[in-house]
$ cat protein.tsv   # TSV, C-alpha atoms
chain	number	residue	atom	x	y	z
E	1	MET	CA	-25.27	26.38	-14.97
E	2	SER	CA	-24.46	22.88	-16.24
E	3	ASP	CA	-26.11	19.92	-14.57
E	4	TYR	CA	-23.41	17.33	-13.88
E	5	ASN	CA	-26.03	14.65	-13.24
E	6	VAL	CA	-27.32	15.18	-16.78
E	7	ILE	CA	-23.87	15.49	-18.36
E	8	ALA	CA	-22.25	12.44	-16.78
E	9	GLY	CA	-25.30	10.51	-15.64
E	10	LEU	CA	-23.87	10.19	-12.16
E	11	LYS	CA	-24.87	11.50	-8.77
E	12	ILE	CA	-22.12	13.27	-6.87
E	13	LYS	CA	-21.55	14.16	-3.23
E	14	TYR	CA	-22.81	17.51	-1.89
E	15	LEU	CA	-20.08	18.82	0.43
E	16	SER	CA	-19.55	22.09	2.27
E	17	ALA	CA	-15.78	21.90	1.59
E	18	ASP	CA	-13.32	20.03	-0.59
E	19	PRO	CA	-12.54	16.60	0.96
E	20	PRO	CA	-9.09	16.52	2.62
E	21	SER	CA	-7.85	13.49	0.72
E	22	ALA	CA	-9.79	13.20	-2.51
E	23	GLU	CA	-8.99	10.34	-4.85
E	24	ASN	CA	-7.91	10.74	-8.44
E	25	GLY	CA	-11.05	11.23	-10.55
E	26	GLN	CA	-13.38	11.96	-7.63
E	27	VAL	CA	-16.04	14.59	-8.38
E	28	TRP	CA	-18.21	16.51	-5.85
E	29	TYR	CA	-20.26	19.70	-5.45
E	30	ASN	CA	-18.75	22.29	-3.11
E	31	SER	CA	-21.76	24.15	-1.70
E	32	THR	CA	-19.60	26.91	-0.21
E	33	LEU	CA	-18.01	27.69	-3.55
E	34	GLY	CA	-21.12	26.80	-5.53
E	35	LYS	CA	-18.92	24.84	-7.91
E	36	VAL	CA	-18.52	21.28	-9.15
E	37	ARG	CA	-15.01	20.17	-8.20
E	38	VAL	CA	-12.76	17.34	-9.38
E	39	ALA	CA	-9.55	15.77	-8.10
E	40	GLY	CA	-6.82	14.86	-10.54
E	41	VAL	CA	-3.24	13.67	-10.60
E	42	GLN	CA	-0.68	16.46	-10.63
E	43	GLY	CA	2.84	15.35	-11.47
E	44	ALA	CA	4.79	12.15	-10.93
E	45	GLY	CA	4.71	10.14	-7.75
E	46	THR	CA	7.49	10.50	-5.22
E	47	TRP	CA	8.73	8.78	-2.08
E	48	ALA	CA	9.13	10.20	1.41
E	49	SER	CA	10.35	8.59	4.61
E	50	GLY	CA	7.80	7.11	6.97
E	51	ALA	CA	8.04	6.19	10.63
E	52	ASN	CA	10.65	3.51	11.22
E	53	TYR	CA	9.21	0.07	12.00
E	54	PRO	CA	9.71	-0.78	15.69
E	55	THR	CA	12.17	-3.59	14.82
E	56	THR	CA	14.29	-4.56	11.87
E	57	LEU	CA	12.59	-7.10	9.65
E	58	VAL	CA	12.83	-8.84	6.31
E	59	SER	CA	10.31	-10.84	4.28
E	60	ALA	CA	7.41	-9.49	6.33
E	61	SER	CA	3.82	-9.27	5.13
E	62	GLY	CA	1.33	-6.42	5.12
E	63	GLY	CA	-2.13	-5.27	4.22
E	64	GLY	CA	-4.38	-2.25	4.21
E	65	ASN	CA	-3.31	1.07	2.77
E	66	ILE	CA	-0.87	3.88	3.50
E	67	SER	CA	-3.02	5.52	6.16
E	68	ALA	CA	-4.56	2.40	7.70
E	69	GLY	CA	-2.38	-0.67	7.30
E	70	TRP	CA	-0.64	-3.48	9.13
E	71	VAL	CA	2.65	-5.37	8.90
E	72	THR	CA	3.48	-8.66	10.55
E	73	GLY	CA	5.91	-11.56	10.46
E	74	GLY	CA	9.29	-11.48	8.77
E	75	GLY	CA	12.15	-13.53	10.11
E	76	SER	CA	10.80	-15.39	13.13
E	77	ASN	CA	8.58	-12.51	14.27
E	78	THR	CA	4.95	-12.90	15.26
E	79	ALA	CA	4.58	-9.25	16.23
E	80	THR	CA	2.00	-7.22	14.34
E	81	PHE	CA	1.94	-3.44	14.12
E	82	LYS	CA	-0.72	-1.17	12.65
E	83	TYR	CA	0.31	1.99	10.76
E	84	ASP	CA	-1.75	5.17	10.49
E	85	GLY	CA	0.57	7.06	8.17
E	86	SER	CA	2.52	8.55	11.06
E	87	SER	CA	3.27	5.92	13.68
E	88	TRP	CA	3.18	2.20	14.43
E	89	THR	CA	0.97	0.69	17.14
E	90	SER	CA	1.36	-2.82	18.49
E	91	THR	CA	-1.60	-5.16	18.12
E	92	GLY	CA	-2.31	-8.90	18.35
E	93	ALA	CA	0.49	-11.29	17.37
E	94	LEU	CA	0.35	-13.97	14.70
E	95	ASN	CA	-0.30	-17.49	15.96
E	96	THR	CA	2.37	-18.95	13.64
E	97	TRP	CA	5.48	-16.99	12.83
E	98	ARG	CA	6.46	-16.93	9.19
E	99	ALA	CA	8.53	-15.11	6.57
E	100	GLY	CA	7.76	-14.72	2.89
E	101	ALA	CA	4.06	-15.24	3.44
E	102	GLY	CA	1.30	-14.01	1.16
E	103	SER	CA	-1.10	-11.37	2.44
E	104	ALA	CA	-4.23	-9.47	1.53
E	105	GLY	CA	-7.03	-7.42	2.99
E	106	SER	CA	-7.44	-4.31	5.08
E	107	GLN	CA	-6.48	-3.10	8.54
E	108	THR	CA	-9.73	-4.44	9.99
E	109	ALA	CA	-10.01	-7.54	7.79
E	110	GLY	CA	-6.57	-8.82	6.94
E	111	LEU	CA	-5.27	-12.17	5.74
E	112	ILE	CA	-1.92	-13.97	5.81
E	113	PHE	CA	-1.16	-17.35	4.28
E	114	ALA	CA	1.72	-19.81	3.85
E	115	GLY	CA	5.34	-18.72	4.41
E	116	SER	CA	8.57	-20.07	5.82
E	117	THR	CA	8.55	-21.36	9.39
E	118	SER	CA	11.72	-23.42	9.20
E	119	PRO	CA	12.20	-25.88	10.76
E	120	ALA	CA	8.62	-26.42	12.01
E	121	PRO	CA	5.95	-27.44	11.25
E	122	SER	CA	6.91	-29.00	7.91
E	123	PRO	CA	10.25	-30.65	7.10
E	124	SER	CA	10.66	-28.34	4.14
E	125	GLY	CA	10.38	-25.34	6.44
E	126	ARG	CA	7.37	-24.06	4.54
E	127	ASN	CA	3.73	-24.02	5.62
E	128	ASN	CA	0.22	-23.63	4.23
E	129	ILE	CA	-1.34	-22.03	7.32
E	130	THR	CA	-3.94	-19.29	6.92
E	131	GLU	CA	-4.79	-16.67	9.53
E	132	GLU	CA	-7.35	-13.86	9.48
E	133	PHE	CA	-6.90	-10.49	11.23
E	134	ASN	CA	-9.91	-8.59	12.60
E	135	GLY	CA	-8.05	-5.42	13.50
E	136	SER	CA	-6.89	-6.63	16.87
E	137	SER	CA	-6.19	-10.37	16.79
E	138	TRP	CA	-5.36	-13.25	14.45
E	139	SER	CA	-7.31	-16.51	14.15
E	140	GLU	CA	-6.33	-19.61	12.21
E	141	GLN	CA	-8.47	-20.68	9.24
E	142	ASN	CA	-8.45	-23.48	6.67
E	143	ASP	CA	-5.05	-24.21	5.12
E	144	MET	CA	-3.98	-23.57	1.56
E	145	ALA	CA	-3.65	-26.71	-0.57
E	146	GLN	CA	-0.02	-26.00	-1.46
E	147	THR	CA	2.69	-25.52	1.17
E	148	ARG	CA	4.99	-22.70	0.03
E	149	ASP	CA	6.73	-19.43	0.78
E	150	GLY	CA	7.66	-16.48	-1.40
E	151	VAL	CA	3.99	-16.42	-2.38
E	152	ALA	CA	2.28	-13.39	-3.90
E	153	GLY	CA	-0.97	-12.16	-2.39
E	154	CYS	CA	-3.65	-9.61	-3.19
E	155	GLY	CA	-7.38	-9.02	-2.78
E	156	THR	CA	-9.49	-8.99	0.33
E	157	GLN	CA	-10.04	-11.24	3.32
E	158	THR	CA	-13.08	-12.80	1.65
E	159	ALA	CA	-11.74	-12.83	-1.92
E	160	ALA	CA	-7.98	-13.26	-1.96
E	161	LEU	CA	-5.46	-14.57	-4.46
E	162	GLY	CA	-2.34	-16.56	-3.52
E	163	ALA	CA	0.02	-17.06	-6.44
E	164	ALA	CA	3.22	-19.04	-7.08
E	165	GLY	CA	6.09	-19.37	-4.56
E	166	PHE	CA	8.84	-21.74	-3.43
E	167	VAL	CA	7.67	-25.25	-2.62
E	168	SER	CA	10.73	-27.45	-2.20
E	169	GLY	CA	14.47	-27.72	-2.31
E	170	PRO	CA	17.14	-25.14	-1.65
E	171	TYR	CA	16.93	-21.62	-2.95
E	172	PRO	CA	16.43	-20.79	-5.79
E	173	SER	CA	15.10	-24.03	-7.18
E	174	GLY	CA	11.76	-25.68	-6.48
E	175	SER	CA	9.39	-22.89	-7.40
E	176	THR	CA	5.77	-23.24	-8.46
E	177	GLN	CA	3.22	-21.46	-10.61
E	178	VAL	CA	0.20	-22.81	-8.73
E	179	VAL	CA	-2.49	-20.26	-7.83
E	180	GLU	CA	-5.23	-20.56	-5.22
E	181	GLU	CA	-8.24	-18.40	-4.41
E	182	TYR	CA	-9.62	-17.84	-0.89
E	183	ASN	CA	-13.31	-17.08	-0.36
E	184	GLY	CA	-13.20	-16.25	3.33
E	185	SER	CA	-13.51	-19.87	4.27
E	186	SER	CA	-11.49	-22.20	2.05
E	187	TRP	CA	-8.94	-22.28	-0.76
E	188	THR	CA	-9.55	-23.47	-4.34
E	189	THR	CA	-6.82	-24.16	-6.89
E	190	VAL	CA	-7.34	-22.19	-10.11
E	191	ASN	CA	-5.38	-21.59	-13.32
E	192	SER	CA	-1.64	-21.23	-12.78
E	193	VAL	CA	0.43	-18.14	-13.43
E	194	PRO	CA	1.79	-18.38	-16.99
E	195	GLY	CA	5.44	-19.03	-17.68
E	196	SER	CA	7.87	-21.77	-18.50
E	197	SER	CA	9.08	-22.14	-14.93
E	198	GLY	CA	8.03	-21.31	-11.39
E	199	ARG	CA	7.42	-17.74	-10.37
E	200	ALA	CA	8.66	-17.62	-6.80
E	201	SER	CA	8.62	-14.25	-5.05
E	202	LEU	CA	6.18	-13.02	-7.65
E	203	THR	CA	4.50	-9.75	-6.64
E	204	ALA	CA	0.79	-9.01	-7.03
E	205	ALA	CA	-1.62	-6.08	-6.84
E	206	GLY	CA	-5.33	-5.62	-7.31
E	207	ILE	CA	-8.23	-7.87	-6.44
E	208	GLN	CA	-9.15	-11.50	-7.02
E	209	THR	CA	-11.05	-10.75	-10.23
E	210	ALA	CA	-8.67	-8.10	-11.56
E	211	ALA	CA	-5.09	-8.76	-10.49
E	212	LEU	CA	-1.68	-7.88	-11.87
E	213	THR	CA	1.44	-9.94	-11.18
E	214	VAL	CA	5.05	-9.02	-11.93
E	215	GLY	CA	8.41	-10.77	-11.92
E	216	GLY	CA	9.41	-13.77	-9.91
E	217	GLY	CA	12.17	-16.39	-10.02
E	218	PRO	CA	14.16	-18.56	-9.78
E	219	SER	CA	15.75	-16.55	-12.60
E	220	ASN	CA	14.12	-13.20	-12.07
E	221	THR	CA	11.90	-12.12	-14.94
E	222	ASN	CA	10.22	-8.90	-16.03
E	223	VAL	CA	7.09	-10.74	-17.14
E	224	SER	CA	3.78	-9.17	-16.11
E	225	SER	CA	0.44	-10.93	-16.24
E	226	GLU	CA	-3.17	-9.90	-15.73
E	227	TYR	CA	-5.76	-12.16	-14.09
E	228	ASP	CA	-9.52	-11.71	-14.53
E	229	GLY	CA	-10.66	-14.22	-11.95
E	230	THR	CA	-10.42	-17.10	-14.41
E	231	ASN	CA	-7.73	-16.62	-17.02
E	232	TRP	CA	-4.26	-15.13	-17.22
E	233	THR	CA	-3.16	-12.86	-20.08
E	234	SER	CA	0.20	-11.26	-20.74
E	235	ALA	CA	0.76	-7.61	-19.92
E	236	SER	CA	3.55	-5.20	-20.82
E	237	ASN	CA	6.85	-6.19	-19.30
E	238	TYR	CA	7.98	-4.40	-16.13
E	239	PRO	CA	10.97	-2.13	-16.84
E	240	THR	CA	13.48	-4.51	-15.21
E	241	THR	CA	13.72	-8.10	-14.05
E	242	ALA	CA	12.45	-8.35	-10.50
E	243	ALA	CA	11.18	-10.39	-7.57
E	244	ALA	CA	10.00	-9.80	-4.01
E	245	MET	CA	8.88	-6.26	-4.81
E	246	ALA	CA	6.44	-3.86	-3.16
E	247	SER	CA	3.16	-3.02	-4.86
E	248	GLY	CA	-0.07	-1.11	-4.49
E	249	GLY	CA	-3.19	-0.14	-6.35
E	250	THR	CA	-5.42	-1.84	-8.85
E	251	GLN	CA	-4.91	-3.77	-12.07
E	252	ASN	CA	-5.25	-0.60	-14.15
E	253	ASP	CA	-3.60	1.82	-11.72
E	254	ALA	CA	-0.80	-0.06	-10.02
E	255	ILE	CA	2.53	0.95	-8.54
E	256	PHE	CA	5.42	-1.53	-8.27
E	257	ASN	CA	8.84	-0.95	-6.75
E	258	GLY	CA	12.18	-2.75	-6.73
E	259	ASN	CA	14.07	-5.35	-8.70
E	260	GLY	CA	14.62	-8.16	-6.22
E	261	GLY	CA	17.93	-6.71	-5.07
E	262	SER	CA	19.04	-3.20	-4.19
E	263	GLY	CA	17.20	-1.63	-7.09
E	264	THR	CA	15.01	1.45	-6.67
E	265	THR	CA	12.97	1.20	-9.86
E	266	THR	CA	9.44	2.48	-9.41
E	267	ALA	CA	6.86	2.22	-12.18
E	268	LEU	CA	3.16	2.91	-12.61
E	269	TYR	CA	0.98	0.57	-14.73
E	270	ASN	CA	-2.16	2.02	-16.30
E	271	GLY	CA	-3.56	-1.20	-17.71
E	272	THR	CA	-1.53	-0.89	-20.88
E	273	ALA	CA	1.96	0.41	-20.26
E	274	TRP	CA	4.48	1.19	-17.53
E	275	ALA	CA	5.55	4.76	-16.73
E	276	ALA	CA	8.69	5.42	-14.71
E	277	GLN	CA	8.21	7.27	-11.43
E	278	ASN	CA	10.72	8.84	-9.06
E	279	GLU	CA	12.81	6.10	-7.47
E	280	ASN	CA	12.85	5.34	-3.76
E	281	ALA	CA	15.82	6.33	-1.61
E	282	GLN	CA	16.93	3.06	-0.02
E	283	GLY	CA	17.17	0.15	-2.46
E	284	ARG	CA	15.63	-2.97	-0.98
E	285	HIS	CA	13.50	-6.05	-1.54
E	286	ALA	CA	11.44	-8.44	0.56
E	287	THR	CA	9.68	-5.60	2.39
E	288	GLY	CA	6.40	-5.58	4.26
E	289	TYR	CA	4.09	-3.34	2.27
E	290	MET	CA	0.63	-1.80	2.43
E	291	GLY	CA	-0.96	-0.76	-0.87
E	292	GLN	CA	-4.60	-1.71	-1.05
E	293	GLY	CA	-6.79	0.50	-3.25
E	294	ALA	CA	-5.04	3.50	-4.75
E	295	ALA	CA	-1.70	3.50	-6.58
E	296	GLU	CA	0.14	4.28	-3.37
E	297	VAL	CA	2.29	2.10	-1.17
E	298	THR	CA	4.09	2.18	2.14
E	299	MET	CA	6.91	-0.32	2.49
E	300	THR	CA	8.96	-1.07	5.57
E	301	GLY	CA	11.96	-3.19	6.38
E	302	GLY	CA	13.55	-5.49	3.85
E	303	ALA	CA	16.95	-6.56	2.62
E	304	PRO	CA	19.91	-6.29	2.11
E	305	GLY	CA	20.54	-6.96	5.73
E	306	SER	CA	17.44	-6.38	7.80
E	307	ILE	CA	16.29	-2.81	8.19
E	308	SER	CA	13.50	-0.84	9.86
E	309	ALA	CA	13.33	2.11	7.47
E	310	THR	CA	9.96	2.96	5.94
E	311	GLU	CA	9.19	4.75	2.69
E	312	GLU	CA	5.84	6.01	1.42
E	313	PHE	CA	4.96	6.52	-2.23
E	314	THR	CA	2.18	8.90	-3.17
E	315	ILE	CA	1.05	10.66	-6.30
E	316	PRO	CA	-0.07	14.24	-5.69
E	317	VAL	CA	-3.74	14.85	-6.28
E	318	GLY	CA	-4.97	18.42	-6.72
E	319	THR	CA	-8.46	19.85	-7.08
E	320	ALA	CA	-10.00	22.03	-9.75
E	321	THR	CA	-13.36	23.46	-10.68
E	322	ILE	CA	-15.26	21.94	-13.59
E	323	THR	CA	-16.49	24.52	-16.03
E	324	SER	CA	-18.75	24.18	-19.05
E	325	SER	CA	-16.70	26.52	-21.23
Q	1	MET	CA	32.35	20.49	-8.54
Q	2	SER	CA	31.40	16.90	-7.82
Q	3	LEU	CA	27.86	15.79	-8.49
Q	4	PHE	CA	27.30	14.31	-5.04
Q	5	ILE	CA	27.88	14.85	-1.35
Q	6	TYR	CA	28.54	11.75	0.76
Q	7	GLY	CA	27.72	11.44	4.42
Q	8	THR	CA	26.39	9.41	7.30
Q	9	ALA	CA	23.11	10.22	8.98
Q	10	THR	CA	20.70	8.16	11.05
Q	11	ASN	CA	17.28	7.72	9.51
Q	12	THR	CA	14.92	8.95	12.21
Q	13	GLY	CA	11.79	7.95	10.35
Q	14	LYS	CA	8.85	10.17	9.42
Q	15	ASN	CA	10.00	13.39	7.75
Q	16	PHE	CA	13.64	12.31	7.74
Q	17	PHE	CA	13.29	13.07	4.07
Q	18	THR	CA	10.14	14.53	2.61
Q	19	ARG	CA	8.52	14.40	-0.76
Q	20	GLN	CA	9.79	17.93	-1.36
Q	21	ASP	CA	13.35	16.91	-0.42
Q	22	ARG	CA	13.18	14.19	-3.05
Q	23	LEU	CA	12.14	16.76	-5.63
Q	24	ASP	CA	14.80	19.25	-4.54
Q	25	PHE	CA	17.87	17.01	-4.67
Q	26	PHE	CA	19.09	13.51	-5.45
Q	27	LEU	CA	19.05	11.23	-2.41
Q	28	SER	CA	20.11	7.63	-2.14
Q	29	GLY	CA	20.47	5.63	1.08
Q	30	HIS	CA	22.84	2.70	1.58
Q	31	PRO	CA	23.96	0.25	4.26
Q	32	GLY	CA	25.93	1.80	7.10
Q	33	ASN	CA	23.69	4.88	7.19
Q	34	ILE	CA	25.47	6.21	4.13
Q	35	TRP	CA	23.60	8.80	2.11
Q	36	VAL	CA	24.52	10.05	-1.34
Q	37	ILE	CA	23.09	13.52	-1.79
Q	38	GLY	CA	22.84	15.77	-4.80
Q	39	ASN	CA	25.47	18.47	-4.50
Q	40	ASN	CA	23.32	21.56	-4.39
Q	41	GLU	CA	22.48	24.03	-1.65
Q	42	LYS	CA	19.35	22.23	-0.53
Q	43	GLY	CA	21.13	18.89	-0.42
Q	44	ALA	CA	23.90	20.29	1.74
Q	45	VAL	CA	21.41	21.97	4.07
Q	46	TRP	CA	19.49	18.71	4.38
Q	47	LEU	CA	22.56	16.73	5.45
Q	48	ALA	CA	23.50	19.38	7.99
Q	49	SER	CA	19.97	19.48	9.36
Q	50	LYS	CA	20.15	15.73	10.00
Q	51	ASN	CA	23.36	16.08	11.98
Q	52	GLY	CA	25.07	14.27	9.17
Q	53	ILE	CA	28.79	13.75	8.94
Q	54	THR	CA	30.34	14.41	5.57
Q	55	LYS	CA	32.53	11.66	4.14
Q	56	THR	CA	34.69	11.40	1.08
Q	57	LYS	CA	33.41	9.09	-1.59
Q	58	ALA	CA	36.16	6.59	-0.72
Q	59	GLU	CA	35.25	6.68	2.97
Q	60	ALA	CA	31.58	6.21	2.20
Q	61	GLN	CA	32.29	3.35	-0.19
Q	62	ALA	CA	34.45	1.63	2.45
Q	63	ILE	CA	31.63	1.81	4.99
Q	64	VAL	CA	29.16	0.36	2.50
Q	65	ASP	CA	31.60	-2.39	1.50
Q	66	THR	CA	32.12	-3.40	5.13
Q	67	GLU	CA	28.37	-3.60	5.72
Q	68	ILE	CA	27.69	-5.54	2.55
Q	69	THR	CA	30.50	-8.00	3.24
Q	70	ALA	CA	29.04	-8.70	6.68
Q	71	GLU	CA	25.54	-9.09	5.24
Q	72	GLN	CA	26.79	-11.43	2.53
Q	73	ALA	CA	28.53	-13.57	5.13
Q	74	ALA	CA	25.37	-13.69	7.23
Q	75	TRP	CA	23.28	-14.66	4.21
Q	76	ASP	CA	25.80	-17.34	3.13
Q	77	ALA	CA	25.63	-18.86	6.62
Q	78	LEU	CA	21.86	-19.32	6.45
Q	79	PRO	CA	20.49	-22.82	5.80
Q	80	ASP	CA	19.45	-23.16	2.18
Q	81	ASP	CA	15.75	-23.25	3.02
Q	82	LYS	CA	15.96	-19.91	4.82
Q	83	LYS	CA	17.76	-18.01	2.06
Q	84	ALA	CA	14.59	-17.45	0.05
Q	85	PRO	CA	12.80	-15.22	-0.61
Q	86	SER	CA	15.48	-12.63	0.16
Q	87	THR	CA	18.51	-12.77	-2.11
Q	88	ARG	CA	22.24	-12.54	-1.44
Q	89	PRO	CA	23.18	-8.91	-0.83
Q	90	GLU	CA	24.77	-7.42	-3.90
Q	91	ASN	CA	27.92	-5.35	-3.92
Q	92	ILE	CA	27.06	-1.68	-4.22
Q	93	THR	CA	29.13	0.87	-6.08
Q	94	LEU	CA	28.26	4.37	-5.00
Q	95	PRO	CA	27.63	6.85	-7.81
$ encode --input "protein.tsv" --output "structure tokens"
Amino acid sequence: MSDYNVIAGLKIKYLSADPPSAENGQVWYNSTLGKVRVAGVQGAGTWASGANYPTTLVSASGGGNISAGWVTGGGSNTATFKYDGSSWTSTGALNTWRAGAGSAGSQTAGLIFAGSTSPAPSPSGRNNITEEFNGSSWSEQNDMAQTRDGVAGCGTQTAALGAAGFVSGPYPSGSTQVVEEYNGSSWTTVNSVPGSSGRASLTAAGIQTAALTVGGGPSNTNVSSEYDGTNWTSASNYPTTAAAMASGGTQNDAIFNGNGGSGTTTALYNGTAWAAQNENAQGRHATGYMGQGAAEVTMTGGAPGSISATEEFTIPVGTATITSS
Amino acid sequence: MSLFIYGTATNTGKNFFTRQDRLDFFLSGHPGNIWVIGNNEKGAVWLASKNGITKTKAEAQAIVDTEITAEQAAWDALPDDKKAPSTRPENITLP
């Protein structure tokens, strides 16, 4: 029998049964079957309805993943709800209500920053306030340097990225390309998102040292950019112009949805190119979404109007036995 | 035979439509609880199972238009600094 440790140079888990929700590429030894097993993608991703959010909402923020996430804010809401893949549960409210805020992190270590709080506390209606979520309550932290809304967010509570947004003036003017990094304590301004104009309502996925950003306005673009923690480089263009989308996954395995209007475009980025996926049912933008980790995303609410409908995107992962023949 | 069935149905949340439904028939949701459904047996069964009410295409379009017009008016009435980051609702032409 082949020795996987020798072949691949990696140790694998010794399990009595296949794991119930294996990730794409995960390998393990099934002691019951006496076989080395692997999980792999089977077919294109597809959307299904999720539990409706308890209220209608638009321009909300979210974090975590499709089976352990949170959504908060939107409109003038401070309410926060956690999602387990089946139902929403109320938890601690934000200290400062906001819409169009950036967000990052997990269900037990979340982060929200900036957003629109018109008319208070700033005359422009935008803020730079940061709050951290510990799974049950929110606490205010050090502010971002730049007051803004329509800001993209990704990463973790201790290593987050806040990119671009609206900073001044009436919609859709007054956008910025300024990017800041959060280290769990304070914000530092870093290299700006590339482009000839602001990138408000840009959408991001990934982590602070390996992020992917797509679209943004004021004139929506299909420009995609990769960030390595220091520098920005261009990536393949998203299939359509877009802003205020939903996203999930990592820089090299990311899912993005929407076009900034009623579009249902869904595309998977593999680090090189975009591949079309099955489109979602209810076209929308400015949703609250949860997509940390895998190329999966749950989005809820959004516009046009203000809705409570939820949709979940997953890519089927099957299991197979590794053989040496 | 037309390509689509048109109807109203209230989205009840989880399992209102499943991954398998999406693979079995076209499904597109619009304002006013309007659903455009692929005109095959599974699509028709799905609408019936959701207590849906079948509409003509013209009836469905009229419901969507009414909803969008109201949403556009609401968006237009917002102060400029509250219009972003959502955008003005677009007119929707049902397939």
$ interface_residues --input "protein.tsv" --of "chain Q" --to "chain E" --cutoff "12 Å" --atoms "only C-alpha atoms" --output "NGL selection string"
:Q and (10-37 or 64 or 67-76 or 78-94)
$ residues_around --input "protein.tsv" --residues "E:Met290" --least-positions-apart "3" --cutoff "12 Å" --atoms "all atoms listed in the file" --output "number ranges by chain"
E: 60-72, 81-85, 103-107, 110, 153-155, 204-205, 245-249, 255-256, 287, 293-300, 310-313
$ closest_residue --input "protein.tsv" --among "E:Thr156, E:Ala163, E:Ala145, E:Ser219" --to "E:Thr188" --atoms "only C-alpha atoms"
E:Ala145
$ axis_aligned_box --input "protein.tsv" --around "stretch 133-149 of chain E" --padding-each-side "3 Å" --output "lines of an AutoDock Vina configuration file"
center_x = -1.6
center_y = -16.1
center_z = 7.7
size_x = 22.6
size_y = 27.3
size_z = 24.3
$ residues_near_point --input "protein.tsv" --point "(-2.5, -18.0, 9.9)" --cutoff "9 Å" --atoms "only C-alpha atoms" --output "PyMOL selection string"
chain E and resi 94-97+111-114+128-133+138-143
